[in-house]
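Structure file data12.txt (compact mmCIF, C-alpha atoms) is printed below.
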```txt
# COMPACT_ATOMS: atom_id res chain seq x y z
CA MET A 1 10.98 11.19 14.81
CA LEU A 2 7.47 9.76 15.00
CA THR A 3 6.97 6.03 15.40
CA LYS A 4 7.35 4.29 12.06
CA ARG A 5 4.91 1.63 10.87
CA ILE A 6 5.62 -1.74 9.26
CA ILE A 7 2.78 -2.90 6.99
CA PRO A 8 2.60 -6.32 5.33
CA CYS A 9 0.68 -6.25 2.06
CA LEU A 10 -1.53 -9.06 0.87
CA ASP A 11 -2.09 -8.92 -2.88
CA ILE A 12 -5.15 -11.09 -3.47
CA LYS A 13 -6.25 -12.87 -6.63
CA ASN A 14 -9.09 -15.39 -6.70
CA GLY A 15 -9.15 -15.52 -2.91
CA ARG A 16 -5.42 -16.33 -2.57
CA THR A 17 -2.43 -14.22 -1.64
CA VAL A 18 0.01 -13.85 -4.54
CA LYS A 19 3.35 -12.16 -5.11
CA GLY A 20 5.25 -11.33 -8.28
CA VAL A 21 7.91 -9.07 -9.76
CA THR A 22 6.87 -5.70 -11.22
CA PHE A 23 3.24 -6.84 -10.91
CA GLY A 24 3.80 -9.97 -13.03
CA ASN A 25 4.86 -13.63 -12.75
CA LEU A 26 2.50 -14.15 -9.83
CA GLN A 27 3.18 -16.99 -7.41
CA ASP A 28 0.88 -18.32 -4.70
CA ALA A 29 1.82 -17.09 -1.22
CA GLY A 30 -0.92 -18.60 0.94
CA ASP A 31 -4.31 -18.05 2.48
CA PRO A 32 -4.90 -14.33 3.13
CA VAL A 33 -6.93 -14.82 6.31
CA ALA A 34 -4.31 -17.11 7.87
CA LEU A 35 -1.50 -14.75 6.87
CA ALA A 36 -3.36 -11.73 8.22
CA GLY A 37 -3.88 -13.43 11.57
CA GLN A 38 -0.20 -14.35 11.80
CA TYR A 39 0.95 -10.82 11.00
CA SER A 40 -1.47 -9.33 13.52
CA SER A 41 -0.02 -11.50 16.29
CA ARG A 42 3.60 -10.98 15.26
CA GLY A 43 3.91 -7.23 15.45
CA ALA A 44 2.52 -5.76 12.24
CA ASP A 45 1.22 -2.25 12.80
CA GLU A 46 -1.34 -2.39 10.01
CA LEU A 47 -2.25 -4.55 7.02
CA CYS A 48 -3.05 -3.75 3.42
CA LEU A 49 -5.31 -6.02 1.35
CA LEU A 50 -5.31 -5.33 -2.37
CA ASP A 51 -7.55 -7.21 -4.80
CA ILE A 52 -5.09 -6.81 -7.65
CA THR A 53 -7.33 -7.87 -10.54
CA ALA A 54 -10.53 -6.11 -9.50
CA THR A 55 -10.03 -3.15 -11.82
CA LEU A 56 -8.80 -5.25 -14.74
CA GLU A 57 -11.73 -7.64 -14.45
CA GLY A 58 -14.29 -4.93 -13.82
CA ARG A 59 -15.60 -6.32 -10.53
CA ASN A 60 -15.88 -5.11 -6.98
CA THR A 61 -13.52 -5.98 -4.18
CA PHE A 62 -15.00 -9.07 -2.58
CA LEU A 63 -16.37 -8.72 0.92
CA ARG A 64 -15.90 -12.27 2.17
CA VAL A 65 -12.14 -12.00 2.62
CA VAL A 66 -12.54 -8.60 4.25
CA GLU A 67 -15.04 -9.95 6.76
CA GLU A 68 -12.87 -12.95 7.59
CA VAL A 69 -9.73 -10.85 7.99
CA ALA A 70 -11.59 -8.43 10.25
CA ALA A 71 -12.51 -11.34 12.50
CA ALA A 72 -8.92 -12.64 12.51
CA VAL A 73 -6.92 -9.49 13.32
CA SER A 74 -6.67 -6.87 16.04
CA ILE A 75 -4.90 -4.18 13.99
CA PRO A 76 -6.18 -1.68 11.42
CA PHE A 77 -6.27 -2.68 7.77
CA THR A 78 -6.78 -0.99 4.43
CA VAL A 79 -8.63 -2.54 1.49
CA GLY A 80 -8.24 -1.64 -2.17
CA GLY A 81 -9.07 -2.89 -5.63
CA GLY A 82 -11.82 -1.74 -7.99
CA ILE A 83 -13.28 0.82 -5.57
CA SER A 84 -15.14 3.54 -7.45
CA SER A 85 -18.13 4.62 -5.35
CA GLU A 86 -19.28 5.65 -1.90
CA GLN A 87 -21.55 2.60 -1.77
CA GLN A 88 -18.61 0.24 -2.16
CA VAL A 89 -16.68 2.02 0.57
CA GLU A 90 -19.64 1.88 2.92
CA ARG A 91 -19.89 -1.89 2.41
CA LEU A 92 -16.17 -2.41 2.98
CA LEU A 93 -16.14 -0.34 6.16
CA SER A 94 -19.21 -2.19 7.41
CA ALA A 95 -17.36 -5.45 6.69
CA GLY A 96 -14.55 -4.36 9.00
CA ALA A 97 -12.03 -2.40 6.95
CA ASP A 98 -10.56 0.73 8.57
CA LYS A 99 -9.43 2.51 5.42
CA VAL A 100 -9.87 2.17 1.67
CA SER A 101 -7.33 2.59 -1.10
CA VAL A 102 -8.24 4.05 -4.48
CA ASN A 103 -6.02 4.08 -7.52
CA SER A 104 -7.25 3.72 -11.12
CA SER A 105 -10.74 5.01 -10.37
CA ALA A 106 -9.33 8.19 -8.83
CA LEU A 107 -7.16 8.78 -11.88
CA VAL A 108 -10.23 8.50 -14.10
CA GLU A 109 -12.39 10.58 -11.78
CA PRO A 110 -10.26 12.67 -9.36
CA GLY A 111 -13.40 14.06 -7.74
CA LEU A 112 -13.91 10.62 -6.19
CA ILE A 113 -11.18 11.44 -3.66
CA THR A 114 -13.05 14.52 -2.44
CA ARG A 115 -16.39 12.72 -2.29
CA LEU A 116 -14.95 9.89 -0.21
CA ALA A 117 -13.14 12.30 2.10
CA ASP A 118 -16.34 14.31 2.60
CA SER A 119 -18.41 11.20 3.24
CA PHE A 120 -16.07 9.16 5.44
CA GLY A 121 -13.31 11.51 6.58
CA ARG A 122 -9.98 12.00 4.87
CA GLN A 123 -8.27 9.73 7.43
CA CYS A 124 -10.14 6.88 5.73
CA VAL A 125 -8.94 7.66 2.20
CA VAL A 126 -5.63 6.28 0.93
CA VAL A 127 -4.62 7.17 -2.61
CA ALA A 128 -2.36 4.50 -4.10
CA ILE A 129 0.13 5.61 -6.73
CA ASP A 130 1.99 3.10 -8.91
CA ALA A 131 5.00 4.81 -10.46
CA ARG A 132 7.61 3.72 -13.01
CA LEU A 133 10.86 5.48 -13.84
CA GLU A 134 10.88 6.41 -17.53
CA GLY A 135 13.33 8.77 -19.17
CA GLY A 136 14.39 10.19 -15.82
CA GLN A 137 10.83 10.90 -14.69
CA TRP A 138 8.50 8.93 -12.43
CA GLN A 139 5.33 8.29 -14.43
CA VAL A 140 2.02 7.14 -12.95
CA LEU A 141 0.56 3.83 -14.12
CA SER A 142 -3.03 2.62 -13.75
CA HIS A 143 -4.91 -0.67 -14.00
CA ALA A 144 -2.41 -2.76 -12.01
CA GLY A 145 0.55 -1.21 -13.77
CA THR A 146 -0.66 -1.95 -17.29
CA ARG A 147 -1.52 1.55 -18.53
CA PRO A 148 0.63 4.69 -18.64
CA THR A 149 -1.37 7.78 -17.67
CA GLY A 150 0.90 10.59 -18.78
CA ARG A 151 0.88 11.99 -15.24
CA LEU A 152 3.94 12.62 -13.11
CA ALA A 153 3.91 10.93 -9.71
CA THR A 154 4.83 14.16 -7.93
CA SER A 155 2.03 16.26 -9.41
CA TRP A 156 -0.55 13.52 -8.92
CA ALA A 157 0.46 13.05 -5.27
CA ARG A 158 0.03 16.74 -4.61
CA GLU A 159 -3.34 16.85 -6.38
CA ALA A 160 -4.51 13.81 -4.42
CA TRP A 161 -3.63 15.55 -1.16
CA GLU A 162 -5.34 18.77 -2.25
CA ARG A 163 -8.48 16.81 -3.16
CA GLY A 164 -8.71 15.16 0.26
CA ALA A 165 -6.42 12.14 0.49
CA GLY A 166 -5.43 11.35 4.05
CA GLU A 167 -2.50 9.14 3.09
CA ILE A 168 -0.43 8.23 0.02
CA LEU A 169 0.64 4.66 -0.76
CA LEU A 170 3.51 4.99 -3.20
CA THR A 171 4.57 1.80 -4.98
CA SER A 172 7.64 1.79 -7.18
CA PHE A 173 6.74 -0.40 -10.15
CA THR A 174 10.41 -0.24 -11.07
CA ALA A 175 11.55 -1.80 -7.77
CA ASP A 176 8.55 -4.01 -6.99
CA GLY A 177 9.53 -7.59 -6.19
CA THR A 178 13.24 -7.03 -6.90
CA ARG A 179 14.24 -6.98 -3.20
CA LYS A 180 16.93 -4.42 -4.04
CA GLY A 181 15.56 -1.64 -1.87
CA PHE A 182 12.91 1.06 -1.97
CA SER A 183 13.08 3.82 -4.58
CA LEU A 184 14.42 6.47 -2.24
CA ASP A 185 14.48 9.34 -4.73
CA ILE A 186 10.79 9.50 -5.59
CA THR A 187 9.78 8.51 -2.05
CA GLY A 188 11.74 11.39 -0.60
CA GLU A 189 10.48 13.84 -3.19
CA ILE A 190 6.82 13.06 -2.58
CA ALA A 191 7.31 13.04 1.20
CA ARG A 192 8.58 16.61 0.94
CA LEU A 193 5.69 17.66 -1.30
CA VAL A 194 2.69 16.49 0.72
CA PRO A 195 1.94 17.06 4.44
CA ILE A 196 0.14 13.73 4.91
CA PRO A 197 1.55 10.31 5.81
CA LEU A 198 3.41 8.48 3.06
CA ILE A 199 3.71 4.68 2.82
CA ALA A 200 6.72 3.49 0.84
CA SER A 201 6.23 0.29 -1.16
CA GLY A 202 8.17 -1.79 -3.64
CA GLY A 203 11.63 -3.31 -3.35
CA ALA A 204 12.04 -4.35 0.30
CA GLY A 205 14.51 -7.20 0.59
CA GLU A 206 16.28 -6.88 3.94
CA PRO A 207 16.01 -4.91 7.21
CA ARG A 208 18.53 -2.32 6.04
CA HIS A 209 16.18 -1.28 3.25
CA PHE A 210 13.62 -0.27 5.88
CA LEU A 211 16.30 1.68 7.73
CA ASP A 212 17.25 3.46 4.52
CA VAL A 213 13.71 4.49 3.65
CA PHE A 214 13.03 5.78 7.17
CA THR A 215 16.30 7.67 7.63
CA ARG A 216 16.82 8.96 4.09
CA THR A 217 13.25 9.94 3.19
CA GLY A 218 10.25 11.29 5.06
CA ALA A 219 8.27 8.06 4.74
CA ASP A 220 5.98 7.38 7.69
CA ALA A 221 5.50 3.68 6.97
CA ALA A 222 7.00 0.93 4.85
CA LEU A 223 5.03 -1.80 3.14
CA ALA A 224 6.39 -5.18 2.08
CA ALA A 225 5.06 -8.51 0.90
CA GLY A 226 7.36 -11.24 -0.40
CA ILE A 227 10.03 -11.08 2.29
CA PHE A 228 7.36 -11.60 4.95
CA HIS A 229 5.17 -14.10 3.08
CA TYR A 230 8.06 -16.43 2.28
CA GLY A 231 9.85 -16.07 5.62
CA VAL A 232 12.94 -14.30 4.24
CA HIS A 233 12.72 -11.89 7.18
CA SER A 234 10.17 -11.50 9.95
CA ILE A 235 8.47 -8.35 11.18
CA GLU A 236 10.13 -8.88 14.56
CA GLU A 237 13.54 -9.04 12.88
CA VAL A 238 12.94 -5.84 10.94
CA LYS A 239 11.69 -3.97 14.01
CA SER A 240 14.59 -5.17 16.14
CA PHE A 241 17.05 -3.96 13.49
CA LEU A 242 15.34 -0.57 13.32
CA LYS A 243 15.36 -0.18 17.11
CA ASP A 244 19.06 -1.04 17.23
CA HIS A 245 19.68 1.79 14.75
CA GLY A 246 17.62 4.38 16.56
CA VAL A 247 14.42 4.29 14.52
CA PRO A 248 11.33 4.38 16.79
CA VAL A 249 8.90 1.52 16.16
CA ARG A 250 6.07 0.04 18.21
```
Same coordinates, now as structure tokens:
Amino acid sequence: MLTKRIIPCLDIKNGRTVKGVTFGNLQDAGDPVALAGQYSSRGADELCLLDITATLEGRNTFLRVVEEVAAAVSIPFTVGGGISSEQQVERLLSAGADKVSVNSSALVEPGLITRLADSFGRQCVVVAIDARLEGGQWQVLSHAGTRPTGRLATSWAREAWERGAGEILLTSFTADGTRKGFSLDITGEIARLVPIPLIASGGAGEPRHFLDVFTRTGADAALAAGIFHYGVHSIEEVKSFLKDHGVPVR
């Protein structure tokens, strides 16, 4: 088993880190630069910064936070939110980001995935998929979970890989913020479908949930927010638990 990654996620709105339940009821969780620096020094393998209202508000992901986070951390980080062009990606990478995440814009224009992979390398391109369980099927949502797309998460994940995605970030809208555990069924299904790394997101509430997603699905990494931001569990605690149960972590 390859080394598994633990990735704190910083959802950012108006320059502040926020956290909610199923993408709503947002509560302040602190300064993103300070949080990023703490996670970098406390064992996080990577970070994910998502400007969660960029697409809804029709604006670009802001560079200031990216630049400040780059100066504060010594680990790779991914930036997402409102990214729809090569020019935006070039600015974000120049500001210090290591990878970019695309979601709604790729659903509108799937060719964007291929263009970004051709321009910057597929290892730089993360396709984020927000999925909700409806009628026994996992449906893809866009625009911060506000719009159904009519696409199935499995078929969109495979198309994203075929178009050039280097990694999939799968967030269960159904489990997000509930702290009841990752959605193991869809995570496992997509992990079997695509031969690129898969990040599981949505529902982490305790160390055992990380163990479950790593031992019962093919997820390569697990992303969490609230349990880390509010001190429910630490990254060190999660990694220690995983090591004790035979899961290789850094």
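Straight-line separation from atom CA of A:Val73 to atom CA of A:Thr171: 24.4 Å.
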Q. Which polymer residues have any atom within 10 Å of an atom of stretch 7-19 of chain A, counting all atoms listed in the file, with same-chain residues fewer than 6 positions away left out, as a ChimeraX atom specification?
A. /A:25-33,35-36,39-40,43-54,61-62,64-65,77-81,176-177,199-201,221-230,235
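Atom to atom, atom CA of A:Val194 and atom CA of A:Gly121 stand 17.8 Å apart.
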(Q) For a test of reading the model, state the distance in Å between atom CA of A:Ile190 and atom CA of A:Phe173, rounded to one decimal. (A)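 A separation of 15.4 Å between them.
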Q: For each of A:His143, A:Arg122, A:Gly246, A:Glu134, take the minimum atom-to-atom distance to A:Gly82, counting only C-alpha atoms, then give the residue where this is smallest.
A: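 Of A:His143, A:Arg122, A:Gly246, A:Glu134, the one nearest A:Gly82, counting only C-alpha atoms, is A:His143.
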Atom completion result for stretch 129-156 of chain A (N, CA and C atoms) as a short mmCIF file (atom, residue, chain, number, x, y, z; two decimals), keeping the file's coordinate frame:
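Contents of out.cif, as written:
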```cif
data_model
loop_
_atom_site.label_atom_id
_atom_site.label_comp_id
_atom_site.auth_asym_id
_atom_site.auth_seq_id
_atom_site.Cartn_x
_atom_site.Cartn_y
_atom_site.Cartn_z
N ILE A 129 -0.53 5.15 -5.50
CA ILE A 129 0.13 5.61 -6.73
C ILE A 129 1.17 4.57 -7.14
N ASP A 130 1.00 4.01 -8.34
CA ASP A 130 1.99 3.10 -8.91
C ASP A 130 2.83 3.90 -9.89
N ALA A 131 4.14 3.94 -9.65
CA ALA A 131 5.00 4.81 -10.46
C ALA A 131 6.16 4.02 -11.06
N ARG A 132 6.50 4.37 -12.30
CA ARG A 132 7.61 3.72 -13.01
C ARG A 132 8.57 4.80 -13.53
N LEU A 133 9.85 4.55 -13.36
CA LEU A 133 10.86 5.48 -13.84
C LEU A 133 11.05 5.32 -15.34
N GLU A 134 10.76 6.41 -16.07
CA GLU A 134 10.88 6.41 -17.53
C GLU A 134 11.53 7.70 -17.98
N GLY A 135 12.67 7.58 -18.65
CA GLY A 135 13.33 8.77 -19.17
C GLY A 135 13.67 9.78 -18.10
N GLY A 136 14.01 9.29 -16.91
CA GLY A 136 14.39 10.19 -15.82
C GLY A 136 13.24 10.78 -15.05
N GLN A 137 12.00 10.39 -15.39
CA GLN A 137 10.83 10.90 -14.69
C GLN A 137 9.98 9.75 -14.18
N TRP A 138 9.36 9.96 -13.02
CA TRP A 138 8.50 8.93 -12.43
C TRP A 138 7.07 9.14 -12.93
N GLN A 139 6.64 8.22 -13.80
CA GLN A 139 5.33 8.29 -14.43
C GLN A 139 4.33 7.42 -13.69
N VAL A 140 3.08 7.88 -13.62
CA VAL A 140 2.02 7.14 -12.95
C VAL A 140 1.42 6.11 -13.91
N LEU A 141 1.21 4.90 -13.38
CA LEU A 141 0.56 3.83 -14.12
C LEU A 141 -0.80 3.54 -13.50
N SER A 142 -1.73 3.02 -14.28
CA SER A 142 -3.03 2.62 -13.75
C SER A 142 -3.32 1.18 -14.14
N HIS A 143 -4.45 0.68 -13.67
CA HIS A 143 -4.91 -0.67 -14.00
C HIS A 143 -3.83 -1.72 -13.75
N ALA A 144 -3.41 -1.79 -12.47
CA ALA A 144 -2.41 -2.76 -12.01
C ALA A 144 -1.11 -2.66 -12.80
N GLY A 145 -0.72 -1.44 -13.10
CA GLY A 145 0.55 -1.21 -13.77
C GLY A 145 0.56 -1.46 -15.26
N THR A 146 -0.60 -1.60 -15.87
CA THR A 146 -0.66 -1.95 -17.29
C THR A 146 -0.84 -0.75 -18.21
N ARG A 147 -1.22 0.41 -17.68
CA ARG A 147 -1.52 1.55 -18.53
C ARG A 147 -0.79 2.81 -18.08
N PRO A 148 0.04 3.39 -18.94
CA PRO A 148 0.63 4.69 -18.64
C PRO A 148 -0.47 5.76 -18.63
N THR A 149 -0.34 6.75 -17.76
CA THR A 149 -1.37 7.78 -17.67
C THR A 149 -0.91 9.14 -18.18
N GLY A 150 0.39 9.29 -18.38
CA GLY A 150 0.90 10.59 -18.78
C GLY A 150 1.06 11.56 -17.64
N ARG A 151 0.75 11.13 -16.42
CA ARG A 151 0.88 11.99 -15.24
C ARG A 151 2.22 11.73 -14.56
N LEU A 152 2.77 12.77 -13.95
CA LEU A 152 3.94 12.62 -13.11
C LEU A 152 3.51 12.26 -11.70
N ALA A 153 4.26 11.38 -11.05
CA ALA A 153 3.91 10.93 -9.71
C ALA A 153 3.87 12.10 -8.72
N THR A 154 4.78 13.04 -8.87
CA THR A 154 4.83 14.16 -7.93
C THR A 154 3.59 15.03 -8.04
N SER A 155 3.19 15.38 -9.25
CA SER A 155 2.03 16.26 -9.41
C SER A 155 0.74 15.55 -9.01
N TRP A 156 0.65 14.25 -9.29
CA TRP A 156 -0.55 13.52 -8.92
C TRP A 156 -0.65 13.36 -7.39
#
```
